[in-house]
Structure formats: C-alpha cells, structure tokens
file query.pdb (PDB, C-alpha atoms and all ligand atoms)
ATOM      1  CA  MET A   1      -0.323  74.594  39.279  1.00  0.00           C
ATOM      2  CA  LYS A   2       0.814  71.774  41.555  1.00  0.00           C
ATOM      3  CA  LYS A   3       0.175  68.167  40.760  1.00  0.00           C
ATOM      4  CA  CYS A   4      -0.287  65.911  43.801  1.00  0.00           C
ATOM      5  CA  SER A   5       2.204  63.046  43.848  1.00  0.00           C
ATOM      6  CA  GLY A   6      -0.356  60.796  45.516  1.00  0.00           C
ATOM      7  CA  CYS A   7      -3.557  61.109  43.528  1.00  0.00           C
ATOM      8  CA  LEU A   8      -2.268  63.210  40.606  1.00  0.00           C
ATOM      9  CA  SER A   9      -5.030  65.788  41.014  1.00  0.00           C
ATOM     10  CA  GLU A  10      -4.151  69.398  40.313  1.00  0.00           C
ATOM     11  CA  ASN A  11      -3.954  72.039  43.015  1.00  0.00           C
ATOM     12  CA  SER A  12      -3.289  75.770  42.964  1.00  0.00           C
ATOM     13  CA  ASP A  13       0.250  77.116  43.455  1.00  0.00           C
ATOM     14  CA  ASP A  14      -0.098  78.020  47.136  1.00  0.00           C
ATOM     15  CA  THR A  15      -1.746  74.756  48.220  1.00  0.00           C
ATOM     16  CA  ARG A  16       0.046  72.958  51.018  1.00  0.00           C
ATOM     17  CA  PHE A  17      -2.222  69.930  51.283  1.00  0.00           C
ATOM     18  CA  CYS A  18      -3.891  68.225  48.368  1.00  0.00           C
ATOM     19  CA  ARG A  19      -7.558  69.114  47.937  1.00  0.00           C
ATOM     20  CA  SER A  20      -8.471  65.561  46.967  1.00  0.00           C
ATOM     21  CA  CYS A  21      -6.443  63.315  49.257  1.00  0.00           C
ATOM     22  CA  GLY A  22      -4.917  65.564  51.912  1.00  0.00           C
ATOM     23  CA  LYS A  23      -1.315  64.635  51.092  1.00  0.00           C
ATOM     24  CA  ASP A  24       1.364  67.178  52.046  1.00  0.00           C
ATOM     25  CA  ILE A  25       2.346  68.755  48.735  1.00  0.00           C
ATOM     26  CA  SER A  26       4.195  71.789  50.143  1.00  0.00           C
ATOM     27  CA  GLN A  27       7.515  70.410  48.826  1.00  0.00           C
ATOM     28  CA  ILE A  28       6.212  69.755  45.333  1.00  0.00           C
ATOM     29  CA  PRO A  29       7.385  72.417  42.869  1.00  0.00           C
ATOM     30  CA  VAL A  30       4.886  74.550  41.020  1.00  0.00           C
ATOM     31  CA  TYR A  31       4.352  73.344  37.482  1.00  0.00           C
ATOM     32  CA  GLY A  32       6.614  75.082  34.994  1.00  0.00           C
ATOM     33  CA  THR A  33       9.229  76.137  37.548  1.00  0.00           C
ATOM     34  CA  LEU A  34      12.805  74.966  37.291  1.00  0.00           C
ATOM     35  CA  ILE A  35      14.398  72.960  40.055  1.00  0.00           C
ATOM     36  CA  GLN A  36      17.855  74.206  40.855  1.00  0.00           C
ATOM     37  CA  CYS A  37      20.353  71.511  41.808  1.00  0.00           C
ATOM     38  CA  PRO A  38      21.766  72.176  45.307  1.00  0.00           C
ATOM     39  CA  ARG A  39      25.094  70.639  44.291  1.00  0.00           C
ATOM     40  CA  CYS A  40      25.975  72.106  40.895  1.00  0.00           C
ATOM     41  CA  GLY A  41      23.334  74.808  40.428  1.00  0.00           C
ATOM     42  CA  ASN A  42      22.068  73.343  37.166  1.00  0.00           C
ATOM     43  CA  ASN A  43      18.437  74.237  36.417  1.00  0.00           C
ATOM     44  CA  ASN A  44      16.357  71.140  35.807  1.00  0.00           C
ATOM     45  CA  PRO A  45      12.818  70.991  34.403  1.00  0.00           C
ATOM     46  CA  TYR A  46       9.786  70.468  36.622  1.00  0.00           C
ATOM     47  CA  GLU A  47       9.363  66.947  38.082  1.00  0.00           C
ATOM     48  CA  THR A  48      13.016  66.040  37.509  1.00  0.00           C
ATOM     49  CA  GLN A  49      14.057  63.338  39.941  1.00  0.00           C
ATOM     50  CA  PHE A  50      17.811  63.519  39.437  1.00  0.00           C
ATOM     51  CA  CYS A  51      19.935  66.444  38.300  1.00  0.00           C
ATOM     52  CA  GLY A  52      20.632  66.179  34.566  1.00  0.00           C
ATOM     53  CA  SER A  53      24.115  67.555  35.080  1.00  0.00           C
ATOM     54  CA  CYS A  54      25.566  65.796  38.125  1.00  0.00           C
ATOM     55  CA  GLY A  55      23.034  63.102  39.130  1.00  0.00           C
ATOM     56  CA  GLN A  56      22.179  64.642  42.501  1.00  0.00           C
ATOM     57  CA  PRO A  57      18.733  63.438  43.705  1.00  0.00           C
ATOM     58  CA  LEU A  58      16.398  66.435  43.681  1.00  0.00           C
ATOM     59  CA  THR A  59      13.414  65.063  45.559  1.00  0.00           C
ATOM     60  CA  GLN A  60      13.043  63.094  48.790  1.00  0.00           C
ATOM     61  CA  GLU A  61      11.568  60.292  46.711  1.00  0.00           C
ATOM     62  CA  ALA A  62      14.617  60.212  44.429  1.00  0.00           C
ATOM     63  CA  SER A  63      17.098  60.115  47.312  1.00  0.00           C
ATOM     64  CA  ASN A  64      15.106  57.342  48.961  1.00  0.00           C
ATOM     65  CA  LYS A  65      15.213  55.390  45.725  1.00  0.00           C
ATOM     66  CA  LEU A  66      18.941  55.945  45.365  1.00  0.00           C
ATOM     67  CA  TYR A  67      19.547  54.803  48.912  1.00  0.00           C
ATOM     68  CA  ALA A  68      17.277  51.753  48.610  1.00  0.00           C
ATOM     69  CA  GLU A  69      18.954  50.560  45.417  1.00  0.00           C
ATOM     70  CA  LYS A  70      22.439  50.808  46.856  1.00  0.00           C
ATOM     71  CA  PRO A  71      23.402  47.400  48.272  1.00  0.00           C
ATOM     72  CA  PRO A  72      24.897  47.268  51.780  1.00  0.00           C
ATOM     73  CA  SER A  73      28.680  47.488  51.646  1.00  0.00           C
ATOM     74  CA  ASP A  74      30.403  44.165  50.974  1.00  0.00           C
ATOM     75  CA  PRO A  75      27.825  41.830  52.560  1.00  0.00           C
ATOM     76  CA  TRP A  76      30.017  38.728  52.073  1.00  0.00           C
ATOM     77  CA  LYS A  77      32.724  40.161  54.314  1.00  0.00           C
ATOM     78  CA  VAL A  78      30.213  40.933  57.034  1.00  0.00           C
ATOM     79  CA  ARG A  79      28.703  37.471  56.620  1.00  0.00           C
ATOM     80  CA  ALA A  80      32.164  35.876  56.836  1.00  0.00           C
ATOM     81  CA  LYS A  81      32.944  37.809  59.989  1.00  0.00           C
ATOM     82  CA  ASN A  82      29.655  36.849  61.632  1.00  0.00           C
ATOM     83  CA  HIS A  83      30.051  33.198  60.686  1.00  0.00           C
ATOM     84  CA  PRO A  84      30.069  30.937  63.791  1.00  0.00           C
ATOM     85  CA  SER A  85      33.319  29.204  62.765  1.00  0.00           C
ATOM     86  CA  TYR A  86      35.141  32.444  61.863  1.00  0.00           C
ATOM     87  CA  LYS A  87      37.199  32.381  65.077  1.00  0.00           C
ATOM     88  CA  GLN A  88      38.119  28.694  64.730  1.00  0.00           C
ATOM     89  CA  LEU A  89      39.118  29.246  61.102  1.00  0.00           C
ATOM     90  CA  THR A  90      41.244  32.223  62.105  1.00  0.00           C
ATOM     91  CA  ALA A  91      42.944  30.119  64.783  1.00  0.00           C
ATOM     92  CA  ILE A  92      43.630  27.284  62.321  1.00  0.00           C
ATOM     93  CA  ALA A  93      44.842  29.742  59.699  1.00  0.00           C
ATOM     94  CA  ILE A  94      47.387  31.133  62.143  1.00  0.00           C
ATOM     95  CA  PHE A  95      48.218  27.840  63.875  1.00  0.00           C
ATOM     96  CA  LEU A  96      48.893  25.587  60.864  1.00  0.00           C
ATOM     97  CA  PRO A  97      51.402  27.813  59.013  1.00  0.00           C
ATOM     98  CA  GLY A  98      53.015  28.535  62.387  1.00  0.00           C
ATOM     99  CA  VAL A  99      53.549  24.826  63.063  1.00  0.00           C
ATOM    100  CA  GLY A 100      54.752  24.303  59.487  1.00  0.00           C
ATOM    101  CA  PHE A 101      57.204  27.170  59.902  1.00  0.00           C
ATOM    102  CA  ILE A 102      58.670  25.772  63.142  1.00  0.00           C
ATOM    103  CA  LEU A 103      58.877  22.234  61.705  1.00  0.00           C
ATOM    104  CA  GLY A 104      60.542  23.674  58.627  1.00  0.00           C
ATOM    105  CA  ILE A 105      63.227  25.407  60.680  1.00  0.00           C
ATOM    106  CA  VAL A 106      63.751  22.291  62.831  1.00  0.00           C
ATOM    107  CA  ASN A 107      64.214  20.186  59.693  1.00  0.00           C
ATOM    108  CA  LEU A 108      66.558  22.750  58.129  1.00  0.00           C
ATOM    109  CA  CYS A 109      68.855  22.373  61.122  1.00  0.00           C
ATOM    110  CA  LYS A 110      69.128  18.606  60.666  1.00  0.00           C
ATOM    111  CA  SER A 111      72.157  17.176  58.974  1.00  0.00           C
ATOM    112  CA  THR A 112      70.729  14.983  56.207  1.00  0.00           C
ATOM    113  CA  VAL A 113      69.938  16.423  52.777  1.00  0.00           C
ATOM    114  CA  LEU A 114      66.492  14.797  52.735  1.00  0.00           C
ATOM    115  CA  ASP A 115      65.530  16.472  56.017  1.00  0.00           C
ATOM    116  CA  ARG A 116      66.746  19.823  54.801  1.00  0.00           C
ATOM    117  CA  LYS A 117      64.806  19.435  51.539  1.00  0.00           C
ATOM    118  CA  LEU A 118      61.658  18.642  53.586  1.00  0.00           C
ATOM    119  CA  GLY A 119      62.412  21.634  55.784  1.00  0.00           C
ATOM    120  CA  GLU A 120      62.627  23.912  52.765  1.00  0.00           C
ATOM    121  CA  HIS A 121      59.299  22.637  51.471  1.00  0.00           C
ATOM    122  CA  LEU A 122      57.588  23.057  54.842  1.00  0.00           C
ATOM    123  CA  LEU A 123      58.989  26.547  55.213  1.00  0.00           C
ATOM    124  CA  ALA A 124      57.974  27.642  51.729  1.00  0.00           C
ATOM    125  CA  THR A 125      54.478  26.146  52.036  1.00  0.00           C
ATOM    126  CA  SER A 126      53.808  27.590  55.468  1.00  0.00           C
ATOM    127  CA  ILE A 127      55.000  31.044  54.466  1.00  0.00           C
ATOM    128  CA  LEU A 128      52.858  30.936  51.326  1.00  0.00           C
ATOM    129  CA  TRP A 129      49.770  29.782  53.230  1.00  0.00           C
ATOM    130  CA  GLY A 130      50.376  32.169  56.061  1.00  0.00           C
ATOM    131  CA  PHE A 131      50.651  34.998  53.572  1.00  0.00           C
ATOM    132  CA  LEU A 132      47.522  33.982  51.645  1.00  0.00           C
ATOM    133  CA  TRP A 133      45.424  33.595  54.796  1.00  0.00           C
ATOM    134  CA  GLY A 134      46.825  36.822  56.122  1.00  0.00           C
ATOM    135  CA  VAL A 135      45.634  38.660  53.029  1.00  0.00           C
ATOM    136  CA  VAL A 136      42.193  37.019  53.162  1.00  0.00           C
ATOM    137  CA  PHE A 137      41.672  37.779  56.849  1.00  0.00           C
ATOM    138  CA  LEU A 138      42.989  41.293  56.526  1.00  0.00           C
ATOM    139  CA  PHE A 139      40.468  41.809  53.740  1.00  0.00           C
ATOM    140  CA  ILE A 140      37.603  40.453  55.835  1.00  0.00           C
ATOM    141  CA  ASN A 141      38.628  42.485  58.871  1.00  0.00           C
ATOM    142  CA  MET A 142      38.544  45.713  56.902  1.00  0.00           C
ATOM    143  CA  ALA A 143      34.783  45.174  56.427  1.00  0.00           C
ATOM    144  CA  SER A 144      33.633  47.103  59.480  1.00  0.00           C
TER     145      SER A 144
HETATM  146 ZN    ZN A 201      -3.762  64.138  46.240  1.00  0.00          ZN
HETATM  147 ZN    ZN A 202      23.551  68.933  39.775  1.00  0.00          ZN
END
call {"tool": "encode", "arguments": {"input": "query.pdb", "output": "structure tokens"}}
result
Amino acid sequence: MKKCSGCLSENSDDTRFCRSCGKDISQIPVYGTLIQCPRCGNNNPYETQFCGSCGQPLTQEASNKLYAEKPPSDPWKVRAKNHPSYKQLTAIAIFLPGVGFILGIVNLCKSTVLDRKLGEHLLATSILWGFLWGVVFLFINMAS
C-alpha cells in the first residue's frame, strides 16, 4: 500500500501516479517497507524523514526542509561587504593608523621628552587600531 503525500489517499504498491489527485508517488515507499539510509545503511521505518542513526534526510521533502531552514552563511559579513561605505571605511581604517604611525615615528625622533612621550602614544594607538581593523576586515573579507 502506498499513501499519497498530497491527498493521503491509499494506492496499490505498483501505482506511479495517485488515483485520486494524479500526484507522482513513484518515489513514495510502499507501506511497511524499511527505508535504508544511503549514508550509514541504517534501516528506518516507513515514512521516516530523517535517518534515526545519522540524521541524513531520506526524502526529497526532508532535504528541502533541511536546506530551507539553514540560514545563508554569515549574512552580516556579506551585508558589511556590500555596504556602500565599505570602501571608504576600509580606506579610513588603513589611512588613519598609517598617519598615526608616521606621526609617532616623527615625534619619537624629536629631542624633547614630551614629544617622545606623544610619539610613543601615537605609535601604540595606531598599531593597536591598525591591528584591530585589520582583524575585522580580514574577517569580513573571508565571507565570500
Ligand atoms: Zn493523491
Ligand atoms: Zn543514516
């Protein structure tokens, strides 16, 4: 016996199209048969959607469901990359620490202690920011 997945009416074992609604039921297993999992070989009872042993989807419907429920990979990264100001932000993120770094070195070469202290601060801050932005942008760029 085969039960139509569309109208739930019962058809004989060798039926390919449902008697009541005409739906293609050639892929529907005969009632009482076991569905063997193509991945692990576990025998699952009739009408099983997912393998009880390994979770493999056993019907087209089940794999569609699995696929539909899976969210697209890391949408925020893709959104960030497609953002209109992504390029400007990248430029600023590279430019500002770069300027800070150069200013820091220039100040380190000056003779007064105050200038050198400022230089150290600029250098440390720009390296920190450059590093942080580097990590963030690397992360975003790995999205695709
Ligand atoms: Zn039917
Ligand atoms: Zn399995």
call {"tool": "resolve_selection", "arguments": {"input": "query.pdb", "expression": "the PyMOL selection byres (((chain A and resi 123) around 10) and not hetatm)", "output": "PyMOL selection string"}}
result
chain A and resi 97-108+117-122+124-129
call {"tool": "resolve_selection", "arguments": {"input": "query.pdb", "expression": "the PyMOL selection byres (((chain A and resi 17) around 12) and not hetatm)", "output": "CSV table (one decimal) with C-alpha atoms, keeping the file's coordinate frame"}}
result
chain,number,residue,atom,x,y,z
A,2,LYS,CA,0.8,71.8,41.6
A,3,LYS,CA,0.2,68.2,40.8
A,4,CYS,CA,-0.3,65.9,43.8
A,5,SER,CA,2.2,63.0,43.8
A,6,GLY,CA,-0.4,60.8,45.5
A,7,CYS,CA,-3.6,61.1,43.5
A,9,SER,CA,-5.0,65.8,41.0
A,10,GLU,CA,-4.2,69.4,40.3
A,11,ASN,CA,-4.0,72.0,43.0
A,12,SER,CA,-3.3,75.8,43.0
A,13,ASP,CA,0.2,77.1,43.5
A,14,ASP,CA,-0.1,78.0,47.1
A,15,THR,CA,-1.7,74.8,48.2
A,16,ARG,CA,0.0,73.0,51.0
A,18,CYS,CA,-3.9,68.2,48.4
A,19,ARG,CA,-7.6,69.1,47.9
A,20,SER,CA,-8.5,65.6,47.0
A,21,CYS,CA,-6.4,63.3,49.3
A,22,GLY,CA,-4.9,65.6,51.9
A,23,LYS,CA,-1.3,64.6,51.1
A,24,ASP,CA,1.4,67.2,52.0
A,25,ILE,CA,2.3,68.8,48.7
A,26,SER,CA,4.2,71.8,50.1
A,27,GLN,CA,7.5,70.4,48.8
A,28,ILE,CA,6.2,69.8,45.3
call {"tool": "residues_near_ligand", "arguments": {"input": "query.pdb", "ligand": "ligand ZN 202 (chain A)", "cutoff": "8 Å", "atoms": "only C-alpha atoms and all ligand atoms", "output": "count of residues only"}}
result
14
call {"tool": "resolve_selection", "arguments": {"input": "query.pdb", "expression": "the PyMOL selection byres (((chain A and resi 45) around 9) and not hetatm)", "output": "compact mmCIF listing (two decimals) with C-alpha atoms, in the frame of the given file"}}
result
# COMPACT_ATOMS: atom_id res chain seq x y z
CA GLY A 32 6.61 75.08 34.99
CA THR A 33 9.23 76.14 37.55
CA LEU A 34 12.80 74.97 37.29
CA ILE A 35 14.40 72.96 40.06
CA GLN A 36 17.86 74.21 40.85
CA ASN A 43 18.44 74.24 36.42
CA ASN A 44 16.36 71.14 35.81
CA TYR A 46 9.79 70.47 36.62
CA GLU A 47 9.36 66.95 38.08
CA THR A 48 13.02 66.04 37.51
call {"tool": "atom_distance", "arguments": {"input": "query.pdb", "atom1": "atom CA of A:Leu132", "atom2": "atom CA of A:Arg116"}}
result
24.1 Å
call {"tool": "atom_distance", "arguments": {"input": "query.pdb", "atom1": "atom CA of A:Tyr86", "atom2": "atom CA of A:Glu69"}}
result
29.3 Å
call {"tool": "atom_distance", "arguments": {"input": "query.pdb", "atom1": "atom CA of A:Gly134", "atom2": "atom CA of A:Ile94"}}
result
8.3 Å
call {"tool": "closest_residue", "arguments": {"input": "query.pdb", "among": "A:Met1, A:Val113, A:Leu8, A:Met142", "to": "ligand ZN 201 (chain A)", "atoms": "all atoms listed in the file"}}
result
A:Leu8
call {"tool": "build_atoms", "arguments": {"input": "query.pdb", "residues": "stretch 101-127 of chain A", "atoms": "N, CA and C atoms", "output": "mmCIF file, keeping the file's coordinate frame"}}
result
data_model
loop_
_atom_site.group_PDB
_atom_site.id
_atom_site.type_symbol
_atom_site.label_atom_id
_atom_site.label_comp_id
_atom_site.auth_asym_id
_atom_site.auth_seq_id
_atom_site.Cartn_x
_atom_site.Cartn_y
_atom_site.Cartn_z
ATOM 1 N N PHE A 101 56.017 26.322 59.876
ATOM 2 C CA PHE A 101 57.204 27.170 59.902
ATOM 3 C C PHE A 101 58.231 26.631 60.893
ATOM 4 N N ILE A 102 57.766 26.297 62.107
ATOM 5 C CA ILE A 102 58.670 25.772 63.142
ATOM 6 C C ILE A 102 59.267 24.433 62.702
ATOM 7 N N LEU A 103 58.401 23.537 62.191
ATOM 8 C CA LEU A 103 58.877 22.234 61.705
ATOM 9 C C LEU A 103 59.896 22.417 60.587
ATOM 10 N N GLY A 104 59.626 23.383 59.732
ATOM 11 C CA GLY A 104 60.542 23.674 58.627
ATOM 12 C C GLY A 104 61.914 24.073 59.132
ATOM 13 N N ILE A 105 61.945 24.956 60.124
ATOM 14 C CA ILE A 105 63.227 25.407 60.680
ATOM 15 C C ILE A 105 63.954 24.248 61.370
ATOM 16 N N VAL A 106 63.167 23.448 62.141
ATOM 17 C CA VAL A 106 63.751 22.291 62.831
ATOM 18 C C VAL A 106 64.410 21.353 61.820
ATOM 19 N N ASN A 107 63.684 21.088 60.718
ATOM 20 C CA ASN A 107 64.214 20.186 59.693
ATOM 21 C C ASN A 107 65.420 20.772 58.963
ATOM 22 N N LEU A 108 65.425 22.089 58.795
ATOM 23 C CA LEU A 108 66.558 22.750 58.129
ATOM 24 C C LEU A 108 67.837 22.595 58.944
ATOM 25 N N CYS A 109 67.684 22.482 60.251
ATOM 26 C CA CYS A 109 68.855 22.373 61.122
ATOM 27 C C CYS A 109 69.402 20.942 61.193
ATOM 28 N N LYS A 110 68.650 19.988 60.635
ATOM 29 C CA LYS A 110 69.128 18.606 60.666
ATOM 30 C C LYS A 110 70.225 18.417 59.608
ATOM 31 N N SER A 111 70.956 17.333 59.792
ATOM 32 C CA SER A 111 72.157 17.176 58.974
ATOM 33 C C SER A 111 71.915 16.558 57.600
ATOM 34 N N THR A 112 70.900 15.669 57.488
ATOM 35 C CA THR A 112 70.729 14.983 56.207
ATOM 36 C C THR A 112 70.084 15.875 55.152
ATOM 37 N N VAL A 113 70.437 15.624 53.909
ATOM 38 C CA VAL A 113 69.938 16.423 52.777
ATOM 39 C C VAL A 113 68.431 16.281 52.642
ATOM 40 N N LEU A 114 67.922 15.063 52.860
ATOM 41 C CA LEU A 114 66.492 14.797 52.735
ATOM 42 C C LEU A 114 65.699 15.630 53.740
ATOM 43 N N ASP A 115 66.195 15.676 54.987
ATOM 44 C CA ASP A 115 65.530 16.472 56.017
ATOM 45 C C ASP A 115 65.526 17.958 55.656
ATOM 46 N N ARG A 116 66.652 18.397 55.130
ATOM 47 C CA ARG A 116 66.746 19.823 54.801
ATOM 48 C C ARG A 116 65.821 20.186 53.642
ATOM 49 N N LYS A 117 65.741 19.218 52.663
ATOM 50 C CA LYS A 117 64.806 19.435 51.539
ATOM 51 C C LYS A 117 63.366 19.536 52.055
ATOM 52 N N LEU A 118 62.993 18.626 52.981
ATOM 53 C CA LEU A 118 61.658 18.642 53.586
ATOM 54 C C LEU A 118 61.443 19.962 54.332
ATOM 55 N N GLY A 119 62.479 20.371 55.038
ATOM 56 C CA GLY A 119 62.412 21.634 55.784
ATOM 57 C C GLY A 119 62.130 22.808 54.867
ATOM 58 N N GLU A 120 62.842 22.827 53.731
ATOM 59 C CA GLU A 120 62.627 23.912 52.765
ATOM 60 C C GLU A 120 61.186 23.943 52.277
ATOM 61 N N HIS A 121 60.678 22.731 51.952
ATOM 62 C CA HIS A 121 59.299 22.637 51.471
ATOM 63 C C HIS A 121 58.311 23.131 52.523
ATOM 64 N N LEU A 122 58.495 22.655 53.758
ATOM 65 C CA LEU A 122 57.588 23.057 54.842
ATOM 66 C C LEU A 122 57.613 24.565 55.040
ATOM 67 N N LEU A 123 58.817 25.117 55.000
ATOM 68 C CA LEU A 123 58.989 26.547 55.213
ATOM 69 C C LEU A 123 58.285 27.348 54.115
ATOM 70 N N ALA A 124 58.553 26.929 52.868
ATOM 71 C CA ALA A 124 57.974 27.642 51.729
ATOM 72 C C ALA A 124 56.450 27.563 51.762
ATOM 73 N N THR A 125 55.930 26.329 52.024
ATOM 74 C CA THR A 125 54.478 26.146 52.036
ATOM 75 C C THR A 125 53.828 26.952 53.159
ATOM 76 N N SER A 126 54.435 26.896 54.348
ATOM 77 C CA SER A 126 53.808 27.590 55.468
ATOM 78 C C SER A 126 53.845 29.102 55.280
ATOM 79 N N ILE A 127 54.925 29.595 54.712
ATOM 80 C CA ILE A 127 55.000 31.044 54.466
ATOM 81 C C ILE A 127 53.960 31.460 53.433
#
